$ cat my_file35.cif   # mmCIF, N, CA, C and O atoms
data_entry
loop_
_atom_site.label_atom_id
_atom_site.label_comp_id
_atom_site.auth_asym_id
_atom_site.auth_seq_id
_atom_site.Cartn_x
_atom_site.Cartn_y
_atom_site.Cartn_z
N MET J 1 0.84 -1.18 0.00
CA MET J 1 0.00 0.00 0.00
C MET J 1 0.88 1.24 0.00
O MET J 1 1.85 1.31 0.73
N ASP J 2 0.47 2.20 -0.81
CA ASP J 2 1.24 3.45 -0.83
C ASP J 2 0.66 4.43 0.20
O ASP J 2 -0.31 4.13 0.90
N ASP J 3 1.25 5.61 0.27
CA ASP J 3 0.84 6.60 1.27
C ASP J 3 -0.61 7.03 1.07
O ASP J 3 -1.34 7.25 2.05
N ASP J 4 -1.05 7.16 -0.19
CA ASP J 4 -2.44 7.55 -0.46
C ASP J 4 -3.41 6.49 0.07
O ASP J 4 -4.45 6.83 0.64
N ASP J 5 -3.05 5.23 -0.11
CA ASP J 5 -3.90 4.15 0.38
C ASP J 5 -3.95 4.15 1.91
O ASP J 5 -5.00 3.91 2.51
N GLU J 6 -2.81 4.42 2.53
CA GLU J 6 -2.77 4.49 4.00
C GLU J 6 -3.64 5.64 4.50
O GLU J 6 -4.35 5.51 5.49
N GLN J 7 -3.59 6.78 3.78
CA GLN J 7 -4.43 7.92 4.16
C GLN J 7 -5.90 7.58 3.99
O GLN J 7 -6.74 7.94 4.81
N THR J 8 -6.22 6.87 2.92
CA THR J 8 -7.60 6.44 2.70
C THR J 8 -8.06 5.56 3.85
O THR J 8 -9.16 5.73 4.37
N ARG J 9 -7.23 4.62 4.27
CA ARG J 9 -7.59 3.74 5.38
C ARG J 9 -7.79 4.54 6.66
O ARG J 9 -8.74 4.29 7.42
N ALA J 10 -6.94 5.52 6.91
CA ALA J 10 -7.06 6.34 8.11
C ALA J 10 -8.34 7.17 8.08
O ALA J 10 -9.08 7.25 9.07
N ASP J 11 -8.60 7.79 6.93
CA ASP J 11 -9.81 8.61 6.79
C ASP J 11 -11.07 7.76 6.92
O ASP J 11 -12.05 8.17 7.55
N PHE J 12 -11.03 6.56 6.34
CA PHE J 12 -12.16 5.63 6.43
C PHE J 12 -12.37 5.24 7.90
O PHE J 12 -13.51 5.19 8.38
N GLY J 13 -11.30 4.98 8.60
CA GLY J 13 -11.40 4.62 10.02
C GLY J 13 -12.00 5.74 10.85
O GLY J 13 -12.71 5.48 11.83
N ASP J 14 -11.72 6.99 10.48
CA ASP J 14 -12.32 8.13 11.17
C ASP J 14 -13.80 8.28 10.83
O ASP J 14 -14.62 8.62 11.68
N ALA J 15 -14.14 8.05 9.57
CA ALA J 15 -15.51 8.26 9.11
C ALA J 15 -16.45 7.14 9.57
O ALA J 15 -17.59 7.40 9.95
N VAL J 16 -15.99 5.92 9.52
CA VAL J 16 -16.82 4.76 9.88
C VAL J 16 -16.59 4.46 11.36
O VAL J 16 -15.58 3.90 11.73
N ASN J 17 -17.56 4.86 12.18
CA ASN J 17 -17.41 4.65 13.62
C ASN J 17 -18.31 3.53 14.15
O ASN J 17 -18.44 3.36 15.35
N MET J 18 -18.92 2.78 13.25
CA MET J 18 -19.72 1.63 13.64
C MET J 18 -18.91 0.36 13.35
O MET J 18 -18.18 0.32 12.36
N THR J 19 -19.06 -0.63 14.19
CA THR J 19 -18.39 -1.89 13.93
C THR J 19 -19.15 -2.63 12.83
O THR J 19 -20.30 -2.30 12.52
N ALA J 20 -18.53 -3.66 12.28
CA ALA J 20 -19.20 -4.46 11.26
C ALA J 20 -20.49 -5.06 11.83
O ALA J 20 -21.53 -5.08 11.15
N GLY J 21 -20.45 -5.52 13.06
CA GLY J 21 -21.63 -6.11 13.69
C GLY J 21 -22.74 -5.09 13.90
O GLY J 21 -23.92 -5.38 13.64
N GLU J 22 -22.36 -3.90 14.39
CA GLU J 22 -23.36 -2.84 14.58
C GLU J 22 -24.00 -2.46 13.25
O GLU J 22 -25.23 -2.30 13.17
N LEU J 23 -23.18 -2.31 12.23
CA LEU J 23 -23.69 -1.91 10.92
C LEU J 23 -24.58 -3.00 10.32
O LEU J 23 -25.66 -2.71 9.80
N LYS J 24 -24.15 -4.23 10.43
CA LYS J 24 -24.94 -5.35 9.91
C LYS J 24 -26.31 -5.39 10.59
O LYS J 24 -27.34 -5.53 9.92
N ASP J 25 -26.33 -5.25 11.92
CA ASP J 25 -27.61 -5.24 12.65
C ASP J 25 -28.47 -4.06 12.23
O ASP J 25 -29.69 -4.19 12.04
N TRP J 26 -27.86 -2.88 12.07
CA TRP J 26 -28.58 -1.69 11.66
C TRP J 26 -29.22 -1.89 10.28
O TRP J 26 -30.38 -1.52 10.06
N LEU J 27 -28.47 -2.46 9.36
CA LEU J 27 -28.97 -2.63 7.99
C LEU J 27 -30.19 -3.54 7.92
O LEU J 27 -30.95 -3.50 6.95
N ASP J 28 -30.41 -4.33 8.97
CA ASP J 28 -31.57 -5.23 9.02
C ASP J 28 -32.84 -4.53 9.53
O ASP J 28 -33.91 -5.12 9.52
N THR J 29 -32.72 -3.27 9.95
CA THR J 29 -33.88 -2.57 10.52
C THR J 29 -34.73 -1.90 9.43
O THR J 29 -34.24 -1.60 8.34
N ASP J 30 -35.99 -1.68 9.77
CA ASP J 30 -36.90 -0.99 8.86
C ASP J 30 -36.45 0.45 8.63
O ASP J 30 -36.56 0.97 7.52
N ASP J 31 -35.94 1.11 9.69
CA ASP J 31 -35.48 2.50 9.55
C ASP J 31 -34.34 2.60 8.53
O ASP J 31 -34.28 3.53 7.74
N SER J 32 -33.44 1.63 8.56
CA SER J 32 -32.33 1.62 7.61
C SER J 32 -32.83 1.49 6.18
O SER J 32 -32.35 2.17 5.27
N LYS J 33 -33.79 0.62 6.00
CA LYS J 33 -34.30 0.34 4.65
C LYS J 33 -35.21 1.45 4.13
O LYS J 33 -35.43 1.56 2.92
N ALA J 34 -35.71 2.31 5.02
CA ALA J 34 -36.67 3.34 4.63
C ALA J 34 -36.03 4.62 4.08
O ALA J 34 -36.69 5.40 3.42
N VAL J 35 -34.74 4.83 4.36
CA VAL J 35 -34.11 6.09 3.97
C VAL J 35 -33.21 5.91 2.76
O VAL J 35 -32.78 4.81 2.44
N GLY J 36 -32.93 7.02 2.11
CA GLY J 36 -31.96 7.04 1.02
C GLY J 36 -32.59 7.05 -0.35
O GLY J 36 -33.78 6.80 -0.53
N GLN J 37 -31.74 7.35 -1.31
CA GLN J 37 -32.14 7.43 -2.72
C GLN J 37 -32.24 6.04 -3.30
O GLN J 37 -31.29 5.26 -3.25
N LYS J 38 -33.41 5.75 -3.85
CA LYS J 38 -33.64 4.44 -4.46
C LYS J 38 -33.88 4.65 -5.95
O LYS J 38 -34.91 5.16 -6.35
N ASP J 39 -32.90 4.28 -6.75
CA ASP J 39 -32.98 4.50 -8.19
C ASP J 39 -34.12 3.75 -8.85
O ASP J 39 -34.81 4.26 -9.70
N ASP J 40 -34.35 2.52 -8.44
CA ASP J 40 -35.37 1.71 -9.09
C ASP J 40 -36.46 1.27 -8.11
O ASP J 40 -37.19 0.33 -8.36
N GLY J 41 -36.55 1.97 -6.99
CA GLY J 41 -37.53 1.62 -5.99
C GLY J 41 -37.09 0.48 -5.09
O GLY J 41 -37.80 0.11 -4.17
N GLY J 42 -35.91 -0.07 -5.33
CA GLY J 42 -35.39 -1.18 -4.53
C GLY J 42 -34.51 -0.69 -3.40
O GLY J 42 -34.85 0.23 -2.67
N GLU J 43 -33.34 -1.29 -3.29
CA GLU J 43 -32.40 -0.94 -2.23
C GLU J 43 -31.78 0.43 -2.49
O GLU J 43 -31.41 0.77 -3.61
N SER J 44 -31.67 1.22 -1.43
CA SER J 44 -31.08 2.55 -1.58
C SER J 44 -29.57 2.46 -1.78
O SER J 44 -28.93 1.45 -1.43
N THR J 45 -29.01 3.52 -2.31
CA THR J 45 -27.56 3.61 -2.53
C THR J 45 -26.82 3.44 -1.21
O THR J 45 -25.82 2.72 -1.13
N GLY J 46 -27.30 4.10 -0.16
CA GLY J 46 -26.64 4.03 1.14
C GLY J 46 -26.71 2.65 1.76
O GLY J 46 -25.75 2.17 2.36
N HIS J 47 -27.85 2.00 1.60
CA HIS J 47 -28.00 0.65 2.15
C HIS J 47 -27.05 -0.32 1.46
O HIS J 47 -26.39 -1.14 2.10
N ARG J 48 -26.97 -0.20 0.15
CA ARG J 48 -26.04 -1.04 -0.63
C ARG J 48 -24.60 -0.75 -0.20
O ARG J 48 -23.78 -1.65 -0.04
N SER J 49 -24.29 0.53 0.02
CA SER J 49 -22.96 0.91 0.48
C SER J 49 -22.67 0.30 1.84
O SER J 49 -21.56 -0.18 2.08
N GLY J 50 -23.66 0.31 2.71
CA GLY J 50 -23.47 -0.27 4.04
C GLY J 50 -23.09 -1.74 3.98
O GLY J 50 -22.22 -2.20 4.72
N ARG J 51 -23.74 -2.48 3.08
CA ARG J 51 -23.39 -3.90 2.93
C ARG J 51 -21.95 -4.04 2.46
O ARG J 51 -21.21 -4.92 2.91
N ARG J 52 -21.54 -3.16 1.57
CA ARG J 52 -20.15 -3.18 1.08
C ARG J 52 -19.16 -2.83 2.19
O ARG J 52 -18.08 -3.42 2.30
N ILE J 53 -19.54 -1.87 3.03
CA ILE J 53 -18.68 -1.47 4.16
C ILE J 53 -18.48 -2.65 5.11
O ILE J 53 -17.37 -2.89 5.59
N VAL J 54 -19.55 -3.40 5.38
CA VAL J 54 -19.43 -4.59 6.25
C VAL J 54 -18.39 -5.54 5.66
O VAL J 54 -17.54 -6.07 6.39
N GLU J 55 -18.43 -5.75 4.34
CA GLU J 55 -17.44 -6.62 3.69
C GLU J 55 -16.03 -6.07 3.87
O GLU J 55 -15.09 -6.81 4.19
N ILE J 56 -15.86 -4.77 3.65
CA ILE J 56 -14.54 -4.14 3.76
C ILE J 56 -14.01 -4.25 5.18
O ILE J 56 -12.83 -4.56 5.40
N LEU J 57 -14.88 -4.01 6.16
CA LEU J 57 -14.45 -4.10 7.56
C LEU J 57 -14.00 -5.51 7.93
O LEU J 57 -13.19 -5.69 8.84
N GLY J 58 -14.48 -6.49 7.21
CA GLY J 58 -14.10 -7.88 7.48
C GLY J 58 -12.81 -8.31 6.80
O GLY J 58 -12.36 -9.44 7.00
N LYS J 59 -12.23 -7.43 6.01
CA LYS J 59 -11.00 -7.79 5.28
C LYS J 59 -9.75 -7.37 6.04
O LYS J 59 -9.75 -6.39 6.78
N LYS J 60 -8.68 -8.09 5.78
CA LYS J 60 -7.37 -7.69 6.27
C LYS J 60 -6.83 -6.61 5.34
O LYS J 60 -7.17 -6.56 4.15
N LYS J 61 -5.99 -5.77 5.88
CA LYS J 61 -5.39 -4.67 5.12
C LYS J 61 -4.80 -5.15 3.80
O LYS J 61 -5.02 -4.55 2.75
N ALA J 62 -4.10 -6.25 3.83
CA ALA J 62 -3.42 -6.76 2.64
C ALA J 62 -4.40 -7.26 1.58
O ALA J 62 -4.04 -7.39 0.41
N ASP J 63 -5.63 -7.53 1.97
CA ASP J 63 -6.63 -8.06 1.05
C ASP J 63 -7.50 -6.99 0.40
O ASP J 63 -8.36 -7.31 -0.41
N LEU J 64 -7.29 -5.72 0.77
CA LEU J 64 -8.08 -4.65 0.18
C LEU J 64 -7.73 -4.46 -1.29
O LEU J 64 -6.56 -4.40 -1.66
N THR J 65 -8.75 -4.38 -2.12
CA THR J 65 -8.54 -4.19 -3.56
C THR J 65 -8.62 -2.71 -3.90
O THR J 65 -9.03 -1.88 -3.08
N ASP J 66 -8.25 -2.38 -5.13
CA ASP J 66 -8.39 -1.00 -5.60
C ASP J 66 -9.85 -0.57 -5.54
O ASP J 66 -10.15 0.57 -5.20
N ALA J 67 -10.77 -1.49 -5.85
CA ALA J 67 -12.20 -1.18 -5.78
C ALA J 67 -12.63 -0.91 -4.34
O ALA J 67 -13.46 -0.02 -4.09
N ASP J 68 -12.07 -1.66 -3.40
CA ASP J 68 -12.37 -1.42 -1.98
C ASP J 68 -11.91 -0.02 -1.58
O ASP J 68 -12.64 0.73 -0.91
N LEU J 69 -10.69 0.32 -1.96
CA LEU J 69 -10.15 1.63 -1.61
C LEU J 69 -10.96 2.75 -2.25
O LEU J 69 -11.20 3.79 -1.62
N ALA J 70 -11.41 2.55 -3.47
CA ALA J 70 -12.26 3.55 -4.13
C ALA J 70 -13.56 3.72 -3.36
O ALA J 70 -14.05 4.85 -3.17
N HIS J 71 -14.15 2.62 -2.91
CA HIS J 71 -15.40 2.72 -2.14
C HIS J 71 -15.14 3.39 -0.80
O HIS J 71 -15.95 4.20 -0.33
N MET J 72 -14.02 3.10 -0.19
CA MET J 72 -13.66 3.73 1.08
C MET J 72 -13.57 5.24 0.91
O MET J 72 -14.05 6.00 1.76
N ARG J 73 -12.98 5.70 -0.20
CA ARG J 73 -12.91 7.15 -0.46
C ARG J 73 -14.30 7.73 -0.67
O ARG J 73 -14.60 8.83 -0.20
N LYS J 74 -15.17 6.99 -1.34
CA LYS J 74 -16.55 7.43 -1.55
C LYS J 74 -17.27 7.59 -0.21
O LYS J 74 -18.00 8.56 0.01
N VAL J 75 -17.06 6.64 0.69
CA VAL J 75 -17.69 6.69 2.01
C VAL J 75 -17.21 7.92 2.78
O VAL J 75 -18.01 8.65 3.37
N VAL J 76 -15.92 8.15 2.77
CA VAL J 76 -15.35 9.32 3.47
C VAL J 76 -15.97 10.60 2.93
O VAL J 76 -16.39 11.47 3.70
N GLY J 77 -16.05 10.73 1.62
CA GLY J 77 -16.63 11.93 1.02
C GLY J 77 -18.09 12.11 1.41
O GLY J 77 -18.52 13.22 1.75
N TYR J 78 -18.85 11.03 1.38
CA TYR J 78 -20.27 11.11 1.73
C TYR J 78 -20.43 11.55 3.18
O TYR J 78 -21.21 12.46 3.48
N VAL J 79 -19.71 10.91 4.09
CA VAL J 79 -19.84 11.23 5.51
C VAL J 79 -19.47 12.69 5.75
O VAL J 79 -20.19 13.41 6.46
N ARG J 80 -18.40 13.15 5.17
CA ARG J 80 -17.98 14.56 5.37
C ARG J 80 -19.03 15.52 4.84
O ARG J 80 -19.37 16.51 5.51
N ARG J 81 -19.54 15.27 3.63
CA ARG J 81 -20.57 16.17 3.05
C ARG J 81 -21.84 16.14 3.88
O ARG J 81 -22.45 17.18 4.14
N HIS J 82 -22.26 14.96 4.26
CA HIS J 82 -23.53 14.81 4.98
C HIS J 82 -23.44 15.42 6.39
O HIS J 82 -24.40 16.05 6.85
N GLU J 83 -22.31 15.26 7.06
CA GLU J 83 -22.14 15.85 8.38
C GLU J 83 -22.20 17.37 8.34
O GLU J 83 -22.66 18.00 9.28
N ALA J 84 -21.76 17.95 7.24
CA ALA J 84 -21.79 19.41 7.09
C ALA J 84 -23.23 19.92 7.00
O ALA J 84 -23.47 21.12 7.16
N GLN J 85 -24.19 19.03 6.76
CA GLN J 85 -25.60 19.42 6.64
C GLN J 85 -26.39 19.06 7.90
O GLN J 85 -27.62 18.96 7.86
N ARG J 86 -25.71 18.92 9.02
CA ARG J 86 -26.35 18.50 10.27
C ARG J 86 -27.52 19.43 10.61
O ARG J 86 -27.36 20.65 10.66
N PRO J 87 -28.69 18.86 10.84
CA PRO J 87 -29.84 19.69 11.21
C PRO J 87 -29.73 20.16 12.66
O PRO J 87 -29.00 19.57 13.46
N LYS J 88 -30.49 21.17 12.98
CA LYS J 88 -30.53 21.67 14.35
C LYS J 88 -31.44 20.75 15.18
O LYS J 88 -32.33 20.10 14.65
N GLY J 89 -31.18 20.74 16.46
CA GLY J 89 -32.04 19.99 17.36
C GLY J 89 -31.62 18.54 17.52
O GLY J 89 -30.51 18.14 17.14
N ASP J 90 -32.54 17.78 18.07
CA ASP J 90 -32.30 16.37 18.36
C ASP J 90 -32.27 15.57 17.06
O ASP J 90 -33.21 15.61 16.28
N ILE J 91 -31.18 14.86 16.84
CA ILE J 91 -31.02 14.10 15.59
C ILE J 91 -31.34 12.62 15.74
O ILE J 91 -31.24 11.86 14.79
N THR J 92 -31.75 12.21 16.94
CA THR J 92 -31.89 10.79 17.25
C THR J 92 -32.70 10.01 16.22
O THR J 92 -32.23 9.01 15.70
N ASP J 93 -33.90 10.45 15.93
CA ASP J 93 -34.79 9.71 15.03
C ASP J 93 -35.00 10.44 13.72
O ASP J 93 -36.13 10.59 13.25
N THR J 94 -33.91 10.87 13.10
CA THR J 94 -34.03 11.64 11.86
C THR J 94 -33.52 10.84 10.67
O THR J 94 -32.62 10.00 10.80
N ASP J 95 -34.10 11.12 9.51
CA ASP J 95 -33.60 10.49 8.28
C ASP J 95 -32.14 10.85 8.06
O ASP J 95 -31.38 10.04 7.52
N TRP J 96 -31.74 12.05 8.47
CA TRP J 96 -30.35 12.49 8.31
C TRP J 96 -29.41 11.51 9.03
O TRP J 96 -28.44 11.02 8.46
N ARG J 97 -29.72 11.21 10.29
CA ARG J 97 -28.88 10.27 11.06
C ARG J 97 -28.96 8.87 10.45
O ARG J 97 -27.94 8.20 10.30
N PHE J 98 -30.16 8.44 10.10
CA PHE J 98 -30.32 7.09 9.57
C PHE J 98 -29.56 6.91 8.26
O PHE J 98 -28.97 5.86 8.02
N SER J 99 -29.54 7.95 7.43
CA SER J 99 -28.76 7.87 6.19
C SER J 99 -27.27 7.73 6.48
O SER J 99 -26.59 6.91 5.86
N LEU J 100 -26.78 8.52 7.42
CA LEU J 100 -25.37 8.42 7.79
C LEU J 100 -25.05 7.03 8.35
O LEU J 100 -23.99 6.45 8.05
N MET J 101 -25.96 6.49 9.13
CA MET J 101 -25.71 5.16 9.70
C MET J 101 -25.64 4.10 8.62
O MET J 101 -24.87 3.14 8.75
N ASN J 102 -26.40 4.26 7.53
CA ASN J 102 -26.28 3.32 6.42
C ASN J 102 -24.88 3.34 5.83
O ASN J 102 -24.43 2.35 5.26
N TRP J 103 -24.19 4.46 5.98
CA TRP J 103 -22.82 4.60 5.47
C TRP J 103 -21.79 4.33 6.55
O TRP J 103 -20.62 4.63 6.41
N GLY J 104 -22.24 3.75 7.69
CA GLY J 104 -21.31 3.32 8.72
C GLY J 104 -20.94 4.35 9.76
O GLY J 104 -20.05 4.13 10.58
N HIS J 105 -21.63 5.50 9.75
CA HIS J 105 -21.30 6.56 10.70
C HIS J 105 -22.52 6.93 11.53
O HIS J 105 -23.54 7.36 11.00
N ASP J 106 -22.41 6.73 12.84
CA ASP J 106 -23.48 7.14 13.74
C ASP J 106 -23.07 8.44 14.42
O ASP J 106 -22.18 8.45 15.28
N PRO J 107 -23.71 9.57 14.04
CA PRO J 107 -23.31 10.85 14.62
C PRO J 107 -23.59 10.95 16.13
O PRO J 107 -23.05 11.83 16.79
N LYS J 108 -24.39 10.08 16.67
CA LYS J 108 -24.64 10.08 18.12
C LYS J 108 -23.42 9.54 18.88
O LYS J 108 -23.32 9.72 20.08
N LYS J 109 -22.48 8.92 18.18
CA LYS J 109 -21.26 8.41 18.81
C LYS J 109 -20.17 9.48 18.89
O LYS J 109 -19.17 9.27 19.54
N ASP J 110 -20.34 10.58 18.18
CA ASP J 110 -19.31 11.62 18.15
C ASP J 110 -19.13 12.26 19.52
O ASP J 110 -20.01 12.37 20.30
#
$ encode --input "my_file35.cif" --output "structure tokens"
Amino acid sequence: MDDDDEQTRADFGDAVNMTAGELKDWLDTDDSKAVGQKDDGGESTGHRSGRRIVEILGKKKADLTDADLAHMRKVVGYVRRHEAQRPKGDITDTDWRFSLMNWGHDPKKD
């Protein structure tokens, strides 16, 4: 891995604050399935990303592919952009929080 890949791993580790188990359990909930952009009315982009994140979290560093690293960068970008749009007030039961959780980040853990 080169320095850019190491930075990607570090940024991903900062952005994804849910464990693979927490994320997997979350993705099974109705709230998780109800939020996000659904291109064809099926699974949302974020939900699909969450499943991919669970796979990535289960891999050893040496087993990460270029496609994994590209997805990790996508996750970091999404979390950073979405956090910048934090709504005022209690975020506990908001679509905003639920969308972030689909991408592996629970803002209530911050």
$ resolve_selection --input "my_file35.cif" --expression "the PyMOL selection byres ((chain J and resi 52-66) around 8)" --output "list of chain:residue names"
J:Met1, J:Met18, J:Thr19, J:Ala20, J:Gly21, J:Leu23, J:Lys24, J:Thr45, J:Gly46, J:His47, J:Arg48, J:Ser49, J:Gly50, J:Arg51, J:Ala67, J:Asp68, J:Leu69, J:Ala70, J:His71, J:Met72, J:Arg73, J:Asn102, J:Trp103, J:Gly104
$ residues_near_point --input "my_file35.cif" --point "(-19.4, 5.2, 15.3)" --cutoff "7 Å" --atoms "all atoms listed in the file" --output "list of chain:residue names"
J:Asp14, J:Ala15, J:Val16, J:Asn17, J:Met18, J:Thr19, J:Gly104, J:His105, J:Asp106, J:Pro107, J:Lys108, J:Lys109, J:Asp110
$ atom_distance --input "my_file35.cif" --atom1 "atom CA of Asp95 of chain J" --atom2 "atom N of Asp25 of chain J"
17.7 Å
$ atom_distance --input "my_file35.cif" --atom1 "atom O of Tyr78 of chain J" --atom2 "atom C of Thr8 of chain J"
14.9 Å
$ atom_distance --input "my_file35.cif" --atom1 "atom CA of Glu22 of chain J" --atom2 "atom O of Gln85 of chain J"
23.2 Å
$ closest_residue --input "my_file35.cif" --among "J:Gly36, J:Pro87, J:Gly42, J:Gly77" --to "Ser99 of chain J" --atoms "all atoms listed in the file"
J:Gly36
$ closest_residue --input "my_file35.cif" --among "J:Ile91, J:Met101, J:Val75, J:Ala10" --to "Ser32 of chain J" --atoms "all atoms listed in the file"
J:Met101
$ decode --input "my_file35.cif" --residues "segment 56-84 of chain J" --atoms "C-alpha atoms" --output "mmCIF file, in the first residue's frame"
data_model
loop_
_atom_site.group_PDB
_atom_site.id
_atom_site.type_symbol
_atom_site.label_atom_id
_atom_site.label_comp_id
_atom_site.auth_asym_id
_atom_site.auth_seq_id
_atom_site.Cartn_x
_atom_site.Cartn_y
_atom_site.Cartn_z
ATOM 1 C CA ILE J 56 -14.542 -4.140 3.757
ATOM 2 C CA LEU J 57 -14.445 -4.102 7.559
ATOM 3 C CA GLY J 58 -14.100 -7.876 7.476
ATOM 4 C CA LYS J 59 -11.005 -7.788 5.280
ATOM 5 C CA LYS J 60 -7.368 -7.695 6.266
ATOM 6 C CA LYS J 61 -5.393 -4.667 5.120
ATOM 7 C CA ALA J 62 -3.422 -6.759 2.636
ATOM 8 C CA ASP J 63 -6.625 -8.060 1.050
ATOM 9 C CA LEU J 64 -8.085 -4.645 0.181
ATOM 10 C CA THR J 65 -8.538 -4.188 -3.561
ATOM 11 C CA ASP J 66 -8.390 -1.003 -5.599
ATOM 12 C CA ALA J 67 -12.200 -1.176 -5.784
ATOM 13 C CA ASP J 68 -12.374 -1.415 -1.982
ATOM 14 C CA LEU J 69 -10.147 1.632 -1.609
ATOM 15 C CA ALA J 70 -12.257 3.554 -4.131
ATOM 16 C CA HIS J 71 -15.397 2.722 -2.142
ATOM 17 C CA MET J 72 -13.662 3.730 1.078
ATOM 18 C CA ARG J 73 -12.907 7.149 -0.460
ATOM 19 C CA LYS J 74 -16.548 7.432 -1.552
ATOM 20 C CA VAL J 75 -17.688 6.687 2.011
ATOM 21 C CA VAL J 76 -15.352 9.316 3.468
ATOM 22 C CA GLY J 77 -16.635 11.926 1.017
ATOM 23 C CA TYR J 78 -20.265 11.111 1.729
ATOM 24 C CA VAL J 79 -19.842 11.234 5.507
ATOM 25 C CA ARG J 80 -17.984 14.557 5.367
ATOM 26 C CA ARG J 81 -20.567 16.165 3.054
ATOM 27 C CA HIS J 82 -23.530 14.814 4.982
ATOM 28 C CA GLU J 83 -22.141 15.851 8.383
ATOM 29 C CA ALA J 84 -21.794 19.406 7.090
#
